[in-house]
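Data file: start.cif. Format and content: mmCIF, C-alpha atoms.
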data_model
#
loop_
_atom_site.label_atom_id
_atom_site.label_comp_id
_atom_site.auth_asym_id
_atom_site.auth_seq_id
_atom_site.Cartn_x
_atom_site.Cartn_y
_atom_site.Cartn_z
CA MET A 88 25.66 16.10 -23.25
CA VAL A 89 25.35 13.33 -25.79
CA SER A 90 26.17 14.64 -29.21
CA GLY A 91 26.96 13.25 -32.64
CA THR A 92 24.37 10.54 -32.26
CA ASP A 93 20.71 10.31 -33.13
CA LYS A 94 20.09 7.67 -30.46
CA LEU A 95 17.52 8.93 -27.99
CA PRO A 96 18.58 8.63 -24.32
CA VAL A 97 15.52 6.64 -23.35
CA GLY A 98 14.79 3.13 -22.15
CA ALA A 99 11.94 0.72 -22.68
CA HIS A 100 9.44 3.09 -21.04
CA TYR A 101 8.32 0.45 -18.56
CA GLY A 102 9.47 2.77 -15.76
CA LEU A 103 6.96 5.41 -16.83
CA ARG A 104 4.27 2.80 -17.39
CA ASP A 105 4.75 1.35 -13.89
CA TRP A 106 4.93 4.80 -12.30
CA LEU A 107 1.69 5.80 -14.03
CA SER A 108 -0.17 2.55 -13.30
CA GLN A 109 0.83 2.79 -9.64
CA ARG A 110 -0.82 6.22 -9.48
CA ILE A 111 -3.93 5.41 -11.53
CA THR A 112 -4.59 2.28 -9.42
CA ALA A 113 -4.05 4.41 -6.29
CA VAL A 114 -6.81 6.79 -7.42
CA VAL A 115 -9.18 3.87 -8.16
CA MET A 116 -8.55 2.41 -4.68
CA THR A 117 -9.01 5.81 -3.01
CA LEU A 118 -12.41 6.23 -4.70
CA TYR A 119 -13.47 2.71 -3.70
CA SER A 120 -12.32 3.33 -0.11
CA ALA A 121 -14.42 6.51 0.03
CA LEU A 122 -17.41 4.59 -1.40
CA LEU A 123 -17.08 1.78 1.15
CA LEU A 124 -16.61 4.21 4.05
CA GLY A 125 -19.70 6.11 2.87
CA ILE A 126 -21.75 2.90 2.74
CA VAL A 127 -20.61 1.82 6.24
CA LEU A 128 -21.33 5.27 7.73
CA TRP A 129 -24.68 5.47 5.87
CA ASN A 130 -25.74 2.16 7.43
CA GLY A 131 -24.33 3.08 10.83
CA GLY A 132 -22.14 -0.02 10.95
CA LEU A 133 -22.68 -3.37 9.27
CA ASP A 134 -24.61 -6.45 10.34
CA TYR A 135 -24.73 -9.72 8.42
CA ALA A 136 -27.89 -8.90 6.44
CA THR A 137 -26.59 -5.51 5.22
CA TRP A 138 -23.17 -7.00 4.44
CA GLN A 139 -24.70 -9.89 2.48
CA ALA A 140 -27.09 -7.58 0.57
CA LEU A 141 -24.21 -5.26 -0.30
CA PHE A 142 -22.19 -8.04 -1.95
CA ALA A 143 -25.29 -9.46 -3.64
CA GLY A 144 -25.37 -6.45 -5.97
CA ASP A 145 -23.52 -6.87 -9.28
CA ALA A 146 -22.40 -3.22 -9.35
CA PHE A 147 -20.70 -3.55 -5.99
CA ARG A 148 -19.08 -6.84 -6.99
CA VAL A 149 -17.66 -5.25 -10.14
CA ALA A 150 -16.49 -2.20 -8.13
CA THR A 151 -14.84 -4.52 -5.61
CA PHE A 152 -13.16 -6.48 -8.38
CA LEU A 153 -11.87 -3.23 -9.91
CA PHE A 154 -10.45 -2.39 -6.49
CA MET A 155 -8.81 -5.83 -6.19
CA ALA A 156 -7.35 -5.69 -9.70
CA SER A 157 -5.96 -2.20 -8.95
CA LEU A 158 -4.60 -3.43 -5.64
CA LEU A 159 -2.73 -6.32 -7.26
CA VAL A 160 -1.17 -4.15 -9.99
CA HIS A 161 -0.28 -1.53 -7.36
CA ALA A 162 1.20 -4.16 -5.03
CA TRP A 163 3.28 -5.60 -7.85
CA VAL A 164 4.93 -2.23 -8.63
CA GLY A 165 5.51 -1.51 -4.94
CA VAL A 166 6.87 -4.92 -3.93
CA ARG A 167 9.02 -5.08 -7.06
CA ASN A 168 10.51 -1.69 -6.16
CA ILE A 169 11.28 -2.97 -2.65
CA LEU A 170 12.93 -6.10 -4.05
CA MET A 171 14.96 -4.05 -6.56
CA ASP A 172 16.31 -1.98 -3.66
CA TYR A 173 17.07 -4.68 -1.10
CA ALA A 174 17.42 -8.04 -2.87
CA LYS A 175 20.77 -7.46 -4.58
CA PRO A 176 21.79 -10.88 -5.99
CA THR A 177 19.93 -11.37 -9.27
CA SER A 178 19.06 -14.99 -8.46
CA VAL A 179 17.50 -14.06 -5.10
CA ARG A 180 15.63 -11.10 -6.60
CA LEU A 181 14.25 -13.08 -9.54
CA THR A 182 13.17 -15.95 -7.30
CA LEU A 183 11.39 -13.57 -4.92
CA GLN A 184 9.77 -11.73 -7.84
CA VAL A 185 8.43 -14.98 -9.28
CA ILE A 186 7.05 -15.93 -5.85
CA VAL A 187 5.39 -12.50 -5.54
CA ILE A 188 3.80 -12.84 -8.99
CA CYS A 189 2.45 -16.30 -8.07
CA VAL A 190 1.07 -14.95 -4.78
CA LEU A 191 -0.61 -12.03 -6.58
CA ILE A 192 -2.24 -14.37 -9.13
CA ALA A 193 -3.42 -16.58 -6.26
CA TYR A 194 -4.89 -13.52 -4.50
CA ALA A 195 -6.72 -12.63 -7.75
CA ALA A 196 -8.18 -16.15 -8.06
CA TRP A 197 -9.22 -16.05 -4.40
CA ALA A 198 -10.91 -12.67 -4.89
CA ILE A 199 -12.88 -13.98 -7.88
CA GLN A 200 -13.91 -17.01 -5.83
CA VAL A 201 -15.10 -14.76 -2.99
CA LEU A 202 -17.00 -12.42 -5.29
CA TRP A 203 -18.61 -14.90 -7.66
CA GLY A 204 -18.67 -17.96 -5.42
CA LEU A 205 -17.14 -20.82 -7.40
CA ALA A 206 -16.90 -22.86 -4.21
CA MET B 9 45.97 22.62 -1.22
CA PRO B 10 44.57 22.08 -4.76
CA ALA B 11 42.18 19.17 -5.05
CA ALA B 12 44.48 17.27 -7.40
CA GLU B 13 47.30 17.20 -4.82
CA ARG B 14 45.14 16.25 -1.88
CA PRO B 15 45.95 12.73 -0.69
CA ILE B 16 43.18 10.16 -1.03
CA ASP B 17 42.76 9.50 2.66
CA LYS B 18 39.11 8.41 2.65
CA PRO B 19 37.99 5.03 1.39
CA ARG B 20 35.50 5.40 -1.42
CA PRO B 21 32.61 4.78 -1.91
CA VAL B 22 31.36 5.96 1.47
CA TYR B 23 28.62 3.82 2.97
CA LEU B 24 26.37 5.85 5.21
CA ASN B 25 25.04 4.32 8.40
CA LEU B 26 21.34 5.15 8.12
CA PHE B 27 20.81 4.44 11.81
CA ALA B 28 23.44 6.98 12.88
CA ILE B 29 21.87 9.80 10.86
CA ARG B 30 18.96 11.80 12.19
CA GLN B 31 16.37 11.22 9.47
CA PRO B 32 14.25 14.17 8.29
CA LEU B 33 10.47 13.80 8.58
CA PRO B 34 9.86 13.17 4.85
CA ALA B 35 12.41 10.31 5.01
CA ILE B 36 10.57 8.76 7.96
CA ALA B 37 7.26 9.11 6.09
CA SER B 38 8.90 7.52 3.03
CA ILE B 39 10.19 4.42 4.81
CA LEU B 40 6.89 4.02 6.70
CA HIS B 41 5.06 4.23 3.35
CA ARG B 42 7.16 1.26 2.27
CA VAL B 43 6.80 -0.68 5.53
CA SER B 44 3.01 -0.18 5.61
CA GLY B 45 2.75 -1.25 1.95
CA ALA B 46 4.75 -4.43 2.57
CA LEU B 47 2.60 -5.22 5.63
CA LEU B 48 -0.60 -4.77 3.62
CA PHE B 49 0.71 -7.06 0.88
CA LEU B 50 1.94 -9.79 3.23
CA VAL B 51 -0.79 -9.74 5.91
CA GLY B 52 -3.54 -7.30 4.92
CA ILE B 53 -4.66 -8.78 1.58
CA PRO B 54 -4.90 -12.46 2.67
CA LEU B 55 -6.52 -11.55 5.99
CA VAL B 56 -9.16 -9.32 4.38
CA LEU B 57 -9.90 -11.91 1.66
CA TRP B 58 -10.31 -14.58 4.33
CA PHE B 59 -12.47 -12.24 6.43
CA VAL B 60 -14.78 -11.31 3.52
CA GLN B 61 -15.08 -14.92 2.38
CA ARG B 62 -15.99 -16.30 5.81
CA SER B 63 -18.25 -13.36 6.70
CA LEU B 64 -20.29 -13.69 3.49
CA ALA B 65 -20.64 -17.48 3.68
CA SER B 66 -23.26 -17.65 6.43
CA PRO B 67 -24.53 -15.83 9.54
CA GLU B 68 -22.43 -18.32 11.57
CA GLY B 69 -19.37 -17.47 9.49
CA PHE B 70 -20.04 -13.75 10.01
CA ALA B 71 -20.25 -14.32 13.76
CA ALA B 72 -17.12 -16.51 13.72
CA VAL B 73 -14.88 -13.92 12.02
CA THR B 74 -16.24 -10.88 13.85
CA ALA B 75 -15.80 -12.56 17.26
CA PRO B 76 -11.96 -12.31 17.18
CA LEU B 77 -12.41 -8.53 16.81
CA MET B 78 -13.44 -8.57 20.47
CA THR B 79 -10.17 -10.10 21.67
CA PRO B 80 -7.16 -7.89 22.49
CA PHE B 81 -4.98 -9.63 19.87
CA GLY B 82 -7.69 -9.30 17.21
CA LYS B 83 -8.05 -5.61 17.98
CA LEU B 84 -4.29 -5.12 17.82
CA VAL B 85 -4.15 -6.77 14.38
CA VAL B 86 -7.04 -4.61 13.13
CA LEU B 87 -5.43 -1.44 14.47
CA VAL B 88 -2.01 -2.19 12.94
CA LEU B 89 -3.61 -2.94 9.57
CA ALA B 90 -5.96 0.05 9.83
CA TRP B 91 -3.01 2.34 10.53
CA SER B 92 -1.05 0.76 7.65
CA TYR B 93 -3.95 1.32 5.26
CA LEU B 94 -4.70 4.87 6.45
CA PHE B 95 -1.08 5.99 6.49
CA HIS B 96 -0.37 4.38 3.12
CA LEU B 97 -3.45 6.13 1.68
CA LEU B 98 -2.57 9.54 3.13
CA ALA B 99 1.12 9.30 2.19
CA GLY B 100 -0.03 8.23 -1.28
CA LEU B 101 -2.30 11.28 -1.66
CA ARG B 102 0.68 13.40 -0.55
CA HIS B 103 2.75 11.72 -3.28
CA LEU B 104 0.10 12.48 -5.92
CA ALA B 105 0.22 16.14 -4.86
CA LEU B 106 4.04 16.13 -5.05
CA ASP B 107 3.80 14.59 -8.54
CA LEU B 108 1.62 17.54 -9.55
CA HIS B 109 4.33 19.85 -8.14
CA VAL B 110 2.09 20.84 -5.25
CA GLY B 111 4.00 21.40 -2.00
CA ILE B 112 7.43 20.34 -3.25
CA ALA B 113 9.33 23.09 -1.41
CA LEU B 114 11.10 21.94 1.76
CA ALA B 115 8.77 23.51 4.33
CA PRO B 116 5.42 22.27 2.90
CA ALA B 117 6.93 18.85 2.14
CA ARG B 118 7.96 18.59 5.79
CA SER B 119 4.59 19.69 7.12
CA SER B 120 2.64 17.41 4.75
CA ALA B 121 4.78 14.47 5.91
CA ALA B 122 3.95 15.42 9.51
CA ALA B 123 0.27 15.83 8.59
CA ALA B 124 0.13 12.34 7.04
CA LEU B 125 1.68 10.85 10.19
CA VAL B 126 -0.50 12.76 12.67
CA LEU B 127 -3.73 12.31 10.68
CA SER B 128 -3.15 8.56 10.24
CA ILE B 129 -2.66 8.19 14.01
CA LEU B 130 -5.78 10.26 14.76
CA LEU B 131 -7.91 8.24 12.32
CA THR B 132 -6.53 5.00 13.78
CA LEU B 133 -7.57 6.27 17.22
CA ILE B 134 -11.11 6.78 15.88
CA VAL B 135 -11.07 3.17 14.65
CA ALA B 136 -9.82 2.12 18.11
CA VAL B 137 -12.67 3.99 19.81
CA ARG B 138 -15.20 2.36 17.47
CA LEU B 139 -13.62 -1.04 18.17
CA TRP B 140 -13.92 -0.73 21.97
#

Write out the structure in this file as structure tokens.
Amino acid sequence: MVSGTDKLPVGAHYGLRDWLSQRITAVVMTLYSALLLGIVLWNGGLDYATWQALFAGDAFRVATFLFMASLLVHAWVGVRNILMDYAKPTSVRLTLQVIVICVLIAYAAWAIQVLWGLA
Amino acid sequence: MPAAERPIDKPRPVYLNLFAIRQPLPAIASILHRVSGALLFLVGIPLVLWFVQRSLASPEGFAAVTAPLMTPFGKLVVLVLAWSYLFHLLAGLRHLALDLHVGIALAPARSSAAAALVLSILLTLIVAVRLW
């Protein structure tokens, strides 16, 4: 036991924040997955017209973007955990982490382009 | 012999050979959770983004990206990613339950790990049936 000190045995709290965001984003993605599965089953499969009409709706675009944003936050926590466990040299780990962040930002830009058609 | 007098005959720290140890079911579920997550990040996200983009662009684009689903390699890719997504989802729901202290005893933790594995394979089989 630590005694004779008023210093609290705690860190920067980013561990708790990441743990919690990983779980909250997981719930968001689970709900979206159930929604999408329901839509596919409701339509008995998807042809081009149904697919196009689905993504034409603003509500579905926003829901899809929420899913993508959750996915990218979730992926960051997960991939960072993997790198912390297996990429031991700090230089290698930091380099890989920077690459992963760049890839995630690129995925986000791509998703926005797909959803709101900047092309 | 008292511990203090015992000779230090083993090199420390001991590195365990993970491949020589019979892994318990929750450990297998845990590493597969990681593997499936990595696969989804590396292959799943870009492939799905590409698929959605091409399929929404035009009826020709829709036909062009759904056509590979009819080839054996395309089906294999879809099945691997479908299993990764389904298993990751189920193992994740199991984790949320464990976080809420539901099923943390050894026996239920073992059976829920088995359930996640079996259910993910069954659901992937349903996807396979739909695909063929």

Mind running region 10-89 of chain B against region 121-126 of chain B at 7 Å and telling me each contacting residue's nearest atom pair with the distance in Å (one decimal), counting all atoms listed in the file, chain and number ascending, as a Markdown table?
| residue | atom | partner | partner_atom | distance |
| --- | --- | --- | --- | --- |
| B:Leu33 | CA | B:Ala121 | CA | 6.3 |
| B:Pro34 | CA | B:Ala121 | CA | 5.3 |
| B:Ala37 | CA | B:Ala121 | CA | 5.9 |

Just need the residues of chain A within 8 Å of chain B, counting all atoms listed in the file, so spit them out as a PyMOL selection string. chain A and resi 110+113+117+135+138-139+162+165-166+169+194+197-198+201

Counting all atoms listed in the file, figure out which residue out of A:Val164, A:Leu159, A:Met171, A:Met116 gets nearest to Cys189 (chain A).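 Using all atoms listed in the file, Cys189 (chain A) sits closest to A:Leu159.
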
Since I can't run it myself right now, could you work out what the PyMOL selection byres ((chain B and resi 77) around 12) selects here and report it as a ChimeraX atom specification? /B:59,70-76,78-87,135-136,138-140

Do you have the CA of Ser44 (chain B)-CA of His96 (chain B) distance handy?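 Answer for the CA of Ser44 (chain B) to CA of His96 (chain B) separation: 6.2 Å.
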
Interatomic distance (Å, one decimal) between CA of Ile112 (chain B) and CA of Leu103 (chain A):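 For CA of Ile112 (chain B) relative to CA of Leu103 (chain A), the distance reads 20.2 Å.
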
Between CA of Val115 (chain A) and CA of Phe147 (chain A), distance in Å (one decimal):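 Value for the CA of Val115 (chain A)-CA of Phe147 (chain A) distance: 13.9 Å.
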
Could you expand the PyMOL selection byres ((chain A and resi 199) around 12) into the explicit residues it covers here, written as a PyMOL selection string? (chain A and resi 148-149+151-156+192-198+200-206) or (chain B and resi 57+60-61)

Around all the atoms of region 109-114 of chain B listed in the file, draw an axis-aligned box and extend it by 6 Å on each of the six sides; I want its centre and edge lengths in Å to one decimal, as JSON.
{"center_x": 6.6, "center_y": 21.5, "center_z": -3.2, "size_x": 21.0, "size_y": 15.2, "size_z": 21.9}

Residue nearest Asn168 (chain A) among A:Leu133, A:Val190, A:Ala140, A:Leu183 (counting all atoms listed in the file): A:Leu183
